[in-house]
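K.L.:
Pasting a structure here, questions to come.
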Amino acid sequence: MRCAFFLAKGGKTLQESIVRFDNISMQFPGVLANDKVSFDIKKGEVFALVGENGAGKSTLMNILYGIHEPTDGAVYINGHKVEKFSPKEAIAMGVGMVHQHFMLVPSFTVAQNIVMSKEPRRMGIFYDLKEANRETERLVREYGLEVEPEAKVGEISVGLQQRVEILKTLYRGADILILDEPTAVLTPQETEELFAVIRRIVKEKQMTVIIITHKLYEVMNISDRVGVMRRGELVGVEETKNVDERILASMMVGREVLFDHIEKTGEPGEVKIKADNLYVTDNRGLLAVSGVSLEVKAGEVLGIAAIEGNGQSELIEALTGIRPVQRGSFYICGAKADGMNPGQIRKLGAAHIPEDRVATGVSLKSTITENLIVGKEKLPAFSKYKLHLKQSSIARYAREVAEKFDIRGGGVDIKTEDLSGGNMQKVVVAREFSFDTPVLIVAQPTRGVDIGAIEFIHKQIIDKRNQGCAILLVSADLDEIFRLSDRIITMFEGRVTGEFKSGEIDKMEISYYMTGHRDGEGGENDK
Amino acid sequence: MSQLSEVFNIGLLQNTLRTATPVILAAMGGLLTEQAGIMNIGMDGMILVGAFVAVAFSYLCASAAMGVLMAVLSGILIGIFFAVFVVKLRSDEFIIGMALNTFAAGLTVYLLRSIFGVKGTFSDAAIVSLPTVHIGFLENIPVLGPLLNDNSIFVYITWLLVFLTWLFLYRTPYGFWLRASGEHPESLETAGISAHKMKFIASILCGIFCGFAGAHLSLGYLTMFSEGMSNSRGFIAFACVIFGMANPPKVFLAALLFGFLQALGLRLQSVGVPADITSTIPYLATVLMLIYIVVSTDRKKKNKAKKQLERI
Amino acid sequence: MISKITDTLREKRPYLMSLFLSILAALLIGAVLMIITGYNPVEGYAAMIKGAFGSSRVFGNTMAKMLTLCLTGLAMAVGSQAGMFNVGGEGQLFLGGLAATMTAVYLQGVSPFIAVPLAFISAAVAGGIYAWIPAMLKVKLNVSEVITTIMLNSVAIYLCTYLTNSSGPLRTHDRGVMAGTDAVPKDFMFEQVISRSNLSTAIIYSAVIAFLCWYVMKKTSVGLEMKITGENERFAFFSGLSKDKIMIGAMVASGVICGLVGMFEVFGYQQRFLPSISNEFYFDGMLVAMIMNYSPLGIILMSFFFAVIDIGANAMELSIGISGELSEIIFSIIIFLMAAEGGISKAVQDRRARKKARAHLREEAVQ
């Protein structure tokens with residue numbers, strides 16, 4: 001494999017720059033997503049853009065594709081300065097982008113999606129549907145990307161949908177292809193196929209491919225050069241053959257060791273969370289969790305390491321009562337909890353930090369005070385006869401909590417939507433942690449949060465652990481998993497693929513389990 | 001038996017066509033906005049303005065064609081107006097739709113009084129009605145002959161428009177773009193076509209259709225304008241759009257069905273069944289249809305999950 | 001206390017400014033319309049003011065109108081606080097009015113202390129149940145309550161019309177009365193507060209309902225739970241709130257208020273239930289609620305303004321011949337302007353923020 005890859009790269013000379021970013025800055029409300037970024041991308045190369053979540057990779061590529069207009073700086077494509085930022089212009093200049101969330105119309109067929117905006121026509125105004133199918137077949141043959149032109153996009157697999165996206169850009173004659181986290185939703189098999197396609201189009205069609213990712217082994221596998229971004233800035237651009245994963249990782253996080261050590265104390269106690277052979281379906285009714293069993297004891301953190309879309313979100317939603325369990329059962333503090341709603345599960349002694357704070361964790365239009373008090377509004381401390389709100393004690397409580405959890409942004413009476421991501425997350429953490437429950441189920445606690453807030457939230461989690469809480473942690477950030485967990489389980493395609501004590505395993509090794517590779521066997525669960 | 005034949009005869013079908021035509025027209029407009037992802041409950045107001053403008057200009061210019069033309073023009077203006085708020089300014093479509101209905105009701109009555117000095121109903125011999133169409137060879141065909149002959153020209157135009165709407169939505173690129181702008185606007189945007197533009201176009205087309213509906217209402221059979229003469233047809237059209245799942249042939253059939261029920265209701269009155277009761281049927285049917293759609297998609301999902309579990 | 005009020009005013013200043021300007025602009029557009037159609041706007045608005053305040057009788061009518069608008073507006077607000085868009089108030093109003101009227105008619109001769117409370121209950125139950133149906137459909141099946149309530153409005157109105165029109169089973173047999181039910185017995189009717197006007201002791205009941213709405217929405221744990229549910233249903237569910245109960249409860253409460261409004265219309269002055277009991281009163285109330293962003297206090301204040309325009313415009317029509325529909329035009333223009341202003345100010349803010357950010361970056365670069 002590696003051999004073939006080097007051969008593919010060997011025969012080609014890298015010369016003129018096809019894309020130039022010149023001092024690009026992008027300011028969103030409250031977030032500086034790109035900070036004076038400048039670099040070139042050369043014609044005919046595979047360029048990997050890496051960085052952790054929120055490093056500004058997608059924003060930069062959205063600028064190239066014309067979705068955002070940069071606050072400052074200029075973009076040159078093929079030597080021409082981009083004057084008007086719109087996808088239409090970008091497409092005309094030969095840029096194609098496959099977004100992380102696919103831009104496909106589910107009720108249209110594969111062919112209809114591929115030719116959209118450049119439909120073959122008859123008599124000038126009529127849509128030539130048959131020709132669209134033929135065009136698609138022609139593309140399929142030319143690039144070897146097998147899809148069924150007449151299948152409805154909403155009914156095909158994610159991997160096939162991605163092919164449709166790629167074919168869409170090829171149909172439009174793109175010679176610069178941007179792939180945003182293309183492997184996040186793919187199986188290893190599909191990932192290999194994708195990489196084969198990338199190599200082929202670069203070699204045979206002289207295309208330029210920019211791939212956004214945070215998986216370093218993929219960078220090593222596919223790219224000619226790699227650019228590393230951190231917190232909106234470009235850290236550096238290197239020839240891939242001159243670096244290794246360790247160097248890239250340190251460039252991504254800035255230092256080798258980013259955080260101070262947090263003291264963990266105490267021994268695990270009795271089992272507080274127990275899941276027994278759980279089966280859960282996703283929004284489409286497909287099985288997302290298949291027979292997961294786990295146990296979390298008092299005074300320990302169990303981390304679930306998994307690539308997004310491998311059932312961890314559905315598992316958490318099931319354990320918190322948001323999603324029904326199809327088969328199997330689970331127990332919170334010894335009580336059978338499946339079939340219960342979130343309110344009932346909370347009464348058993350569980351609190352949760354949801355993975356998407358905006359969708360599930362707060363009410364944006366309500367004040368910070370209101371968000372902090374939700375779930376406690378009927379406590380005698382905050383309402384008379386469970387009805388009349390005691391405004392002054394609520395205000396006092398909110399101020400105390402805001403201070404304790406370091407929520408900054410202009411008082412507790414402002415709307416939550418006006419807070420930065422980090423402070424908004426602190427509101428969620430503050431509310432959930434001050435329920436003082438024996439069980440905490442925590443998902444993506446620091447996603448899109450600044451470094452200071454990460455440190456603070458991590459300390460809070462470990463404090464809870466040291467006080468004897470049973471904590472189940474899900475995170476896409478392996479560093480976070482390693483730092484906080486006492487034990488780690490890996491999940492792949494809805495199944496548990498491994499279980500480790502913290503310190504027994506390193507990042508490289510665990511990523512094998514996260515991708516379903518497990519010592520030569522399939523992903524059978526052994527518990 | 002004689003009672004039955006009194007109710008069920010050619011006249012019933014003729015009435016069905018008459019009552020259904022304005023609703024079909026408005027519903028074609030409504031399904032375009034629906035497909036573009038806009039819940040349009042302002043159609044009633046759009047029809048009302050169309051009806052008023054048609055009568056006003058037919059009277060002033062002594063020409064039915066002029067009336068229709070101006071009704072369509074007013075429809076375009078209202079469509080743009082609606083889209084500016086709903087699409088450009090992102091106001092709540094529901095609020096704007098309601099306000100549009102109120103505005104239209106107020107404005108037409110106000111102008112009726114100020115321009116023509118009447119309250120309630122304006123009818124005048126000088127208002128030119130739309131021509132009817134007589135097709136000679138149909139005369140000798142039973143049932144179809146009397147049914148298809150001597151209708152207002154709008155009845156035929158309406159059928160053509162239903163076909164054209166379908167053709168537009170499912171056989172031209174523009175129709176695909178319009179549908180994409182409602183179902184998944186981002187995919188259209190990233191393909192380089194403005195979803196806003198398609199929504200604007202949908203609104204304007206809806207305005208035109210409602211203008212036609214209004215013109216037919218006031219110039220088709222009656223040649224008059226009366227206060228609130230849209231009489232909730234905009235809402236029935238909305239019901240048809242939901243009932244027919246925004247698909248032109250299905251919406252057309254829904255509107256025919258509702259028109260039939262209404263015509264039937266009027267006739268059943270003669271045998272003692274009150275029309276007010278039959279009038280409720282379209283609305284109840286729409287609620288039931290909504291429930292059916294939801295329950296059936298839900299069941300599909302559940303079956304899918306069940307099947308997978310059985311496989312384990 | 002006073003500082004708190006000024007604080008609130010300062011916080012809401014942009015909103016209040018745009019509201020004020022919208023009203024002003026709508027009145028100006030109304031004036032222009034009058035000029036175009038050959039009337040003197042000063043005369044017109046003078047007639048409107050006189051028509052709303054000119055005598056104790058017309059002022060009573062204005063107040064009665066305000067009560068209707070205020071309660072229907074609050075009904076809308078109660079539902080929407082919990083995210084339930086009750087568009088079906090008109091139907092609930094019809095059914096509530098009819099139920100209360102028939103209860104009173106059947107209980108003729110019974111002591112008013114028994115009959116009137118029973119009429120209240122039947123109005124509340126009728127309105128409540130009719131709101132419960134779409135609420136259940138929304139909560140259990142996720143069928144859009146907006147569409148179902150629109151549909152159910154027509155069903156209720158046609159049904160009530162059938163029952164009480166010239167050949168309906170509940171029609172009165174009084175001579176010389178074309179349609180409607182029997183009259184509510186005199187001793188069950190609400191007392192007149194201002195004689196010969198439409199203002200009755202319904203003002204007391206309305207005040208109680210309005211106070212309860214404000215109190216529950218703004219001062220209680222239930223109100224908070226409604227707000228959270230209305231703004232983020234998923235968050236409410238996740239937080240363990242009984243969101244289904246809250247949503248159904250809010251919708252039913254909304255329906256109950258509408259049912260009572262129907263009763264007040266009959267018991268306050270109409271005496272009989274007529275198929276014309278309400279001329280889209282609920283929709284006017286909805287407009288008030290929307291303009292005021294569903295704020296209870298705002299609705300109470302704005303309903304007075306609307307009532308003045310509405311009653312004043314009717315009087316204006318009688319005295320100088322300008323169509324009373326001018327009021328509807330003014331109302332809808334206010335909505336359009338408020339809606340437009342909301343959108344425009346947001347776009348302006350975004351652009352400003354962008355410019356500022358760019359200037360800031362340049363400065364940094366220079367240094």
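For the structure tokens, the naming scheme is as follows: chains receive sequential letters (A, B, ...) according to their order of presentation, residues are indexed from 1 within each chain, and ligands are indexed from 1 in presentation order.
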Fewer than 2 positions away in the same chain doesn't count, so skip those; otherwise give me all residues within 12 Å of Ser58 of chain B, counting only C-alpha atoms, as an NGL selection string.
P.N.:
:B and (50-56 or 60-71 or 123-130 or 215 or 218-220 or 223-225)
K.L.:
Using only C-alpha atoms and a cut-off of 9 Å, which residues of chain B sit close to chain A? Please list them as an NGL selection string.
P.N.:
:B and (167-168 or 170-174 or 176-177 or 180 or 183-193 or 300-306 or 308-309)
K.L.:
Nearest to chain C among B:Leu12, B:Ile96, B:Ile208, B:Ala83, with distances taken over only C-alpha atoms: which residue is it?
P.N.:
B:Ile96
K.L.:
Going by DSSP on the backbone, which bits of segment 74-299 of chain B are strand (DSSP E)? Write them as a list in words, please.
P.N.:
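Restricting segment 74-299 of chain B to strand (DSSP E) produces Thr121, Phe122, Thr132, Val133, Asn151, Ser152, Phe225 and Ser226 of chain B.
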K.L.:
Can you list, as a PDB file with all heavy atoms, in the first residue's frame, every protein, DNA or RNA residue that comes within 7 Å of segment 249-261 of chain B when you count only C-alpha atoms, leaving out same-chain residues fewer than 3 positions away?
P.N.:
ATOM      1  N   THR B  16     -69.271  21.389  -9.699  1.00  0.00           N
ATOM      2  CA  THR B  16     -67.968  21.001  -9.164  1.00  0.00           C
ATOM      3  C   THR B  16     -66.857  21.758  -9.882  1.00  0.00           C
ATOM      4  O   THR B  16     -65.990  22.355  -9.260  1.00  0.00           O
ATOM      5  CB  THR B  16     -67.749  19.490  -9.340  1.00  0.00           C
ATOM      6  OG1 THR B  16     -68.769  18.806  -8.634  1.00  0.00           O
ATOM      7  CG2 THR B  16     -66.386  19.070  -8.815  1.00  0.00           C
ATOM      8  N   THR B  19     -66.935  25.499  -8.847  1.00  0.00           N
ATOM      9  CA  THR B  19     -66.440  25.826  -7.498  1.00  0.00           C
ATOM     10  C   THR B  19     -64.969  25.470  -7.364  1.00  0.00           C
ATOM     11  O   THR B  19     -64.243  26.119  -6.625  1.00  0.00           O
ATOM     12  CB  THR B  19     -67.231  25.080  -6.406  1.00  0.00           C
ATOM     13  OG1 THR B  19     -67.407  23.735  -6.823  1.00  0.00           O
ATOM     14  CG2 THR B  19     -68.565  25.715  -6.136  1.00  0.00           C
ATOM     15  N   ALA B  20     -64.559  24.442  -8.089  1.00  0.00           N
ATOM     16  CA  ALA B  20     -63.178  24.003  -7.904  1.00  0.00           C
ATOM     17  C   ALA B  20     -62.179  24.914  -8.595  1.00  0.00           C
ATOM     18  O   ALA B  20     -61.058  25.075  -8.129  1.00  0.00           O
ATOM     19  CB  ALA B  20     -63.007  22.575  -8.410  1.00  0.00           C
ATOM     20  N   VAL B  23     -60.177  27.511  -6.670  1.00  0.00           N
ATOM     21  CA  VAL B  23     -59.385  26.830  -5.655  1.00  0.00           C
ATOM     22  C   VAL B  23     -58.185  26.126  -6.304  1.00  0.00           C
ATOM     23  O   VAL B  23     -57.067  26.165  -5.783  1.00  0.00           O
ATOM     24  CB  VAL B  23     -60.247  25.815  -4.870  1.00  0.00           C
ATOM     25  CG1 VAL B  23     -59.398  25.007  -3.910  1.00  0.00           C
ATOM     26  CG2 VAL B  23     -61.352  26.536  -4.126  1.00  0.00           C
ATOM     27  N   ILE B  24     -58.423  25.492  -7.456  1.00  0.00           N
ATOM     28  CA  ILE B  24     -57.313  24.829  -8.157  1.00  0.00           C
ATOM     29  C   ILE B  24     -56.228  25.848  -8.484  1.00  0.00           C
ATOM     30  O   ILE B  24     -55.042  25.626  -8.241  1.00  0.00           O
ATOM     31  CB  ILE B  24     -57.794  24.172  -9.470  1.00  0.00           C
ATOM     32  CG1 ILE B  24     -58.786  23.053  -9.175  1.00  0.00           C
ATOM     33  CG2 ILE B  24     -56.608  23.622 -10.263  1.00  0.00           C
ATOM     34  CD1 ILE B  24     -59.501  22.534 -10.407  1.00  0.00           C
ATOM     35  N   CYS B 240     -55.832  21.986   0.304  1.00  0.00           N
ATOM     36  CA  CYS B 240     -55.595  21.111  -0.856  1.00  0.00           C
ATOM     37  C   CYS B 240     -54.105  20.833  -1.026  1.00  0.00           C
ATOM     38  O   CYS B 240     -53.708  19.714  -1.348  1.00  0.00           O
ATOM     39  CB  CYS B 240     -56.108  21.758  -2.141  1.00  0.00           C
ATOM     40  SG  CYS B 240     -57.879  21.869  -2.213  1.00  0.00           S
ATOM     41  N   VAL B 241     -53.295  21.874  -0.830  1.00  0.00           N
ATOM     42  CA  VAL B 241     -51.849  21.713  -0.990  1.00  0.00           C
ATOM     43  C   VAL B 241     -51.335  20.675   0.012  1.00  0.00           C
ATOM     44  O   VAL B 241     -50.566  19.778  -0.337  1.00  0.00           O
ATOM     45  CB  VAL B 241     -51.122  23.061  -0.783  1.00  0.00           C
ATOM     46  CG1 VAL B 241     -49.616  22.850  -0.743  1.00  0.00           C
ATOM     47  CG2 VAL B 241     -51.492  24.022  -1.887  1.00  0.00           C
ATOM     48  N   PHE B 243     -53.184  18.414   1.584  1.00  0.00           N
ATOM     49  CA  PHE B 243     -53.843  17.150   1.290  1.00  0.00           C
ATOM     50  C   PHE B 243     -53.172  16.452   0.104  1.00  0.00           C
ATOM     51  O   PHE B 243     -52.957  15.252   0.115  1.00  0.00           O
ATOM     52  CB  PHE B 243     -55.320  17.418   0.981  1.00  0.00           C
ATOM     53  CG  PHE B 243     -56.169  16.194   0.978  1.00  0.00           C
ATOM     54  CD1 PHE B 243     -56.704  15.700   2.163  1.00  0.00           C
ATOM     55  CD2 PHE B 243     -56.468  15.527  -0.201  1.00  0.00           C
ATOM     56  CE1 PHE B 243     -57.474  14.569   2.177  1.00  0.00           C
ATOM     57  CE2 PHE B 243     -57.250  14.387  -0.199  1.00  0.00           C
ATOM     58  CZ  PHE B 243     -57.756  13.909   0.991  1.00  0.00           C
ATOM     59  N   GLY B 244     -52.830  17.234  -0.912  1.00  0.00           N
ATOM     60  CA  GLY B 244     -52.222  16.656  -2.119  1.00  0.00           C
ATOM     61  C   GLY B 244     -50.711  16.599  -2.044  1.00  0.00           C
ATOM     62  O   GLY B 244     -50.053  16.332  -3.049  1.00  0.00           O
ATOM     63  N   ALA B 246     -48.494  18.722  -2.057  1.00  0.00           N
ATOM     64  CA  ALA B 246     -47.832  19.698  -2.932  1.00  0.00           C
ATOM     65  C   ALA B 246     -47.439  19.123  -4.289  1.00  0.00           C
ATOM     66  O   ALA B 246     -46.541  19.620  -4.946  1.00  0.00           O
ATOM     67  CB  ALA B 246     -46.625  20.331  -2.239  1.00  0.00           C
ATOM     68  N   LEU B 264     -71.862  19.263  -3.896  1.00  0.00           N
ATOM     69  CA  LEU B 264     -72.781  18.258  -3.363  1.00  0.00           C
ATOM     70  C   LEU B 264     -73.547  18.832  -2.179  1.00  0.00           C
ATOM     71  O   LEU B 264     -74.761  18.650  -2.059  1.00  0.00           O
ATOM     72  CB  LEU B 264     -71.986  17.020  -2.935  1.00  0.00           C
ATOM     73  CG  LEU B 264     -72.803  15.827  -2.467  1.00  0.00           C
ATOM     74  CD1 LEU B 264     -73.608  15.250  -3.622  1.00  0.00           C
ATOM     75  CD2 LEU B 264     -71.897  14.757  -1.873  1.00  0.00           C
ATOM     76  N   GLY B 265     -72.790  19.548  -1.330  1.00  0.00           N
ATOM     77  CA  GLY B 265     -73.416  20.136  -0.145  1.00  0.00           C
ATOM     78  C   GLY B 265     -74.561  21.050  -0.517  1.00  0.00           C
ATOM     79  O   GLY B 265     -75.644  20.980   0.066  1.00  0.00           O
ATOM     80  N   THR B 278     -71.749  19.873   5.266  1.00  0.00           N
ATOM     81  CA  THR B 278     -70.874  19.335   4.220  1.00  0.00           C
ATOM     82  C   THR B 278     -69.665  20.241   4.008  1.00  0.00           C
ATOM     83  O   THR B 278     -68.608  19.779   3.600  1.00  0.00           O
ATOM     84  CB  THR B 278     -71.628  19.155   2.894  1.00  0.00           C
ATOM     85  OG1 THR B 278     -72.398  20.324   2.665  1.00  0.00           O
ATOM     86  CG2 THR B 278     -72.502  17.937   2.912  1.00  0.00           C
ATOM     87  N   PRO B 282     -63.997  19.252   3.771  1.00  0.00           N
ATOM     88  CA  PRO B 282     -62.617  19.462   3.299  1.00  0.00           C
ATOM     89  C   PRO B 282     -61.640  19.696   4.453  1.00  0.00           C
ATOM     90  O   PRO B 282     -60.518  19.184   4.437  1.00  0.00           O
ATOM     91  CB  PRO B 282     -62.720  20.719   2.433  1.00  0.00           C
ATOM     92  CG  PRO B 282     -64.126  20.787   2.006  1.00  0.00           C
ATOM     93  CD  PRO B 282     -64.928  20.166   3.099  1.00  0.00           C
TER      94      PRO B 282
END
K.L.:
Got a sec to pull out which chain C residues are within 6 Å of chain A, counting only C-alpha atoms, and send them as a VMD selection string?
P.N.:
chain C and resid 219 to 221 232 234 to 235 238 240 358
K.L.:
Using only C-alpha atoms, determine which residues of chain C fall within 6 Å of chain B; present them as a list of chain:residue names.
P.N.:
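Using only C-alpha atoms, chain C residues at most 6 Å from chain B: C:Thr37, C:Thr148, C:Met151, C:Val155, C:Tyr158, C:Tyr162, C:Ser323, C:Glu325, C:Glu328, C:Ile329, C:Ser332, C:Ala339, C:Gly343.
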K.L.:
Running DSSP on the backbone, which parts of segment 44-288 of chain B land in helix (DSSP H, G or I), as JSON, numbers by chain?
P.N.:
{"B": [44, 45, 46, 47, 48, 49, 50, 51, 52, 53, 54, 55, 56, 57, 58, 59, 60, 61, 64, 65, 66, 67, 68, 69, 70, 71, 72, 73, 74, 75, 76, 77, 78, 79, 80, 81, 82, 83, 84, 85, 86, 87, 88, 93, 94, 95, 96, 97, 98, 99, 100, 101, 102, 103, 104, 105, 106, 107, 108, 109, 110, 111, 112, 113, 114, 115, 116, 136, 137, 138, 139, 140, 144, 145, 146, 147, 148, 153, 154, 155, 156, 157, 158, 159, 160, 161, 162, 163, 164, 165, 166, 167, 168, 169, 170, 171, 173, 174, 175, 176, 177, 178, 179, 180, 181, 182, 183, 185, 186, 187, 188, 189, 190, 195, 196, 197, 198, 199, 200, 201, 202, 203, 204, 205, 206, 207, 208, 209, 210, 211, 212, 213, 214, 215, 216, 217, 218, 219, 233, 234, 235, 236, 237, 238, 239, 240, 241, 242, 243, 248, 249, 250, 251, 252, 253, 254, 255, 256, 257, 258, 259, 260, 261, 262, 263, 264, 265, 266, 267, 268, 269, 270, 271, 275, 276, 277, 278, 279, 281, 282, 283, 284, 285, 286, 287, 288]}
K.L.:
With the cut-off set at 8 Å and counting only C-alpha atoms, tabulate each residue of segment 192-280 of chain C with an atom at most that distance from an atom of segment 87-99 of chain C, showing the nearest atom pair and its distance in Å to one decimal, ordered by chain and increasing number, as a tab-separated table.
P.N.:
residue	atom	partner	partner_atom	distance
C:Ser254	CA	C:Gly89	CA	7.7
C:Gly255	CA	C:Gln92	CA	5.8
C:Val256	CA	C:Gln92	CA	7.8
C:Cys258	CA	C:Leu93	CA	4.7
C:Gly259	CA	C:Gly96	CA	3.7
C:Leu260	CA	C:Gly96	CA	6.1
C:Val261	CA	C:Leu93	CA	6.1
C:Gly262	CA	C:Gly97	CA	3.9
C:Met263	CA	C:Gly97	CA	4.2
C:Phe264	CA	C:Gly97	CA	7.6
C:Glu265	CA	C:Gly97	CA	7.3
C:Val266	CA	C:Gly97	CA	6.7
C:Phe273	CA	C:Leu98	CA	6.0
C:Ile277	CA	C:Phe94	CA	7.4
C:Ser278	CA	C:Phe94	CA	7.6
C:Glu280	CA	C:Glu90	CA	6.6
K.L.:
Suppose we keep C-alpha atoms; can you now write the selection as a PDB file, in the first residue's frame?
P.N.:
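Ended up saving to out_38.pdb:
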ATOM      1  CA  SER C 254     -55.434  29.314  25.471  1.00  0.00           C
ATOM      2  CA  GLY C 255     -58.604  27.559  24.326  1.00  0.00           C
ATOM      3  CA  VAL C 256     -60.282  28.119  27.685  1.00  0.00           C
ATOM      4  CA  CYS C 258     -61.043  31.921  23.918  1.00  0.00           C
ATOM      5  CA  GLY C 259     -64.121  29.995  25.050  1.00  0.00           C
ATOM      6  CA  LEU C 260     -64.686  32.552  27.796  1.00  0.00           C
ATOM      7  CA  VAL C 261     -64.305  35.424  25.329  1.00  0.00           C
ATOM      8  CA  GLY C 262     -67.143  33.840  23.356  1.00  0.00           C
ATOM      9  CA  MET C 263     -69.242  33.727  26.499  1.00  0.00           C
ATOM     10  CA  PHE C 264     -68.413  37.350  27.383  1.00  0.00           C
ATOM     11  CA  GLU C 265     -69.528  38.475  23.939  1.00  0.00           C
ATOM     12  CA  VAL C 266     -72.960  36.971  24.511  1.00  0.00           C
ATOM     13  CA  PHE C 273     -75.433  33.516  20.148  1.00  0.00           C
ATOM     14  CA  ILE C 277     -70.804  36.519  17.008  1.00  0.00           C
ATOM     15  CA  SER C 278     -67.233  37.293  16.113  1.00  0.00           C
ATOM     16  CA  GLU C 280     -62.424  37.470  13.214  1.00  0.00           C
TER      17      GLU C 280
END
K.L.:
Hey, can you check how far atom CA of Asp418 of chain A sits from atom CA of Glu11 of chain C?
P.N.:
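Between atom CA of Asp418 of chain A and atom CA of Glu11 of chain C the gap works out to 14.5 Å.
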K.L.:
Just the number, please: distance in Å from atom CA of Met102 of chain C to atom CA of Val177 of chain C, one decimal.
P.N.:
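So the two atoms, atom CA of Met102 of chain C and atom CA of Val177 of chain C, lie 16.8 Å apart.
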K.L.:
Would you mind listing what lies within 10 Å of Leu69 of chain C as a VMD selection string, with only C-alpha atoms counted and same-chain residues fewer than 6 positions away left out?
P.N.:
chain C and resid 63 75 261 281 to 289 299 to 300 302 to 304 306 to 307
K.L.:
Export C-alpha atoms of the chosen residues as a short mmCIF file (atom, residue, chain, number, x, y, z; two decimals), in the first residue's frame?
P.N.:
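Ended up saving to out-v2.cif:
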data_model
loop_
_atom_site.label_atom_id
_atom_site.label_comp_id
_atom_site.auth_asym_id
_atom_site.auth_seq_id
_atom_site.Cartn_x
_atom_site.Cartn_y
_atom_site.Cartn_z
CA MET C 63 -63.24 49.49 26.51
CA ALA C 75 -54.74 33.55 24.67
CA VAL C 261 -64.31 35.42 25.33
CA PHE C 281 -61.89 38.93 16.68
CA TYR C 282 -59.31 36.31 17.46
CA PHE C 283 -57.22 37.25 14.46
CA ASP C 284 -57.16 40.87 15.57
CA GLY C 285 -56.05 39.70 19.00
CA MET C 286 -53.35 37.61 17.34
CA LEU C 287 -52.09 40.66 15.49
CA VAL C 288 -51.90 42.56 18.78
CA ALA C 289 -49.99 39.70 20.41
CA ILE C 299 -50.68 43.16 24.84
CA ILE C 300 -52.84 44.85 27.46
CA MET C 302 -51.62 47.69 22.70
CA SER C 303 -55.13 46.28 22.77
CA PHE C 304 -56.31 49.65 24.01
CA PHE C 306 -56.21 48.86 18.66
CA ALA C 307 -59.62 49.25 20.26
#
K.L.:
Which residues are near Met207 of chain A? Cut-off 7 Å, only C-alpha atoms, ignore same chain within fewer than 3 positions. Put them as a PyMOL selection string.
P.N.:
chain A and resi 44+175-176+201-202
K.L.:
Store the residues picked out above in a file with N, CA and C atoms, as an mmCIF file, in the first residue's frame.
P.N.:
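Now in result25.cif:
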data_model
loop_
_atom_site.group_PDB
_atom_site.id
_atom_site.type_symbol
_atom_site.label_atom_id
_atom_site.label_comp_id
_atom_site.auth_asym_id
_atom_site.auth_seq_id
_atom_site.Cartn_x
_atom_site.Cartn_y
_atom_site.Cartn_z
ATOM 1 N N GLY A 44 -1.677 20.032 -8.752
ATOM 2 C CA GLY A 44 -1.430 18.603 -8.839
ATOM 3 C C GLY A 44 -0.986 17.943 -7.547
ATOM 4 N N ASP A 175 -11.133 21.468 -11.016
ATOM 5 C CA ASP A 175 -9.787 20.903 -10.981
ATOM 6 C C ASP A 175 -9.142 21.107 -9.615
ATOM 7 N N ILE A 176 -9.860 21.786 -8.725
ATOM 8 C CA ILE A 176 -9.428 21.866 -7.327
ATOM 9 C C ILE A 176 -10.551 21.250 -6.496
ATOM 10 N N ILE A 201 -7.459 10.426 -9.435
ATOM 11 C CA ILE A 201 -7.792 11.689 -10.111
ATOM 12 C C ILE A 201 -6.613 12.648 -10.098
ATOM 13 N N VAL A 202 -5.770 12.552 -9.099
ATOM 14 C CA VAL A 202 -4.590 13.421 -9.078
ATOM 15 C C VAL A 202 -3.622 12.999 -10.172
#
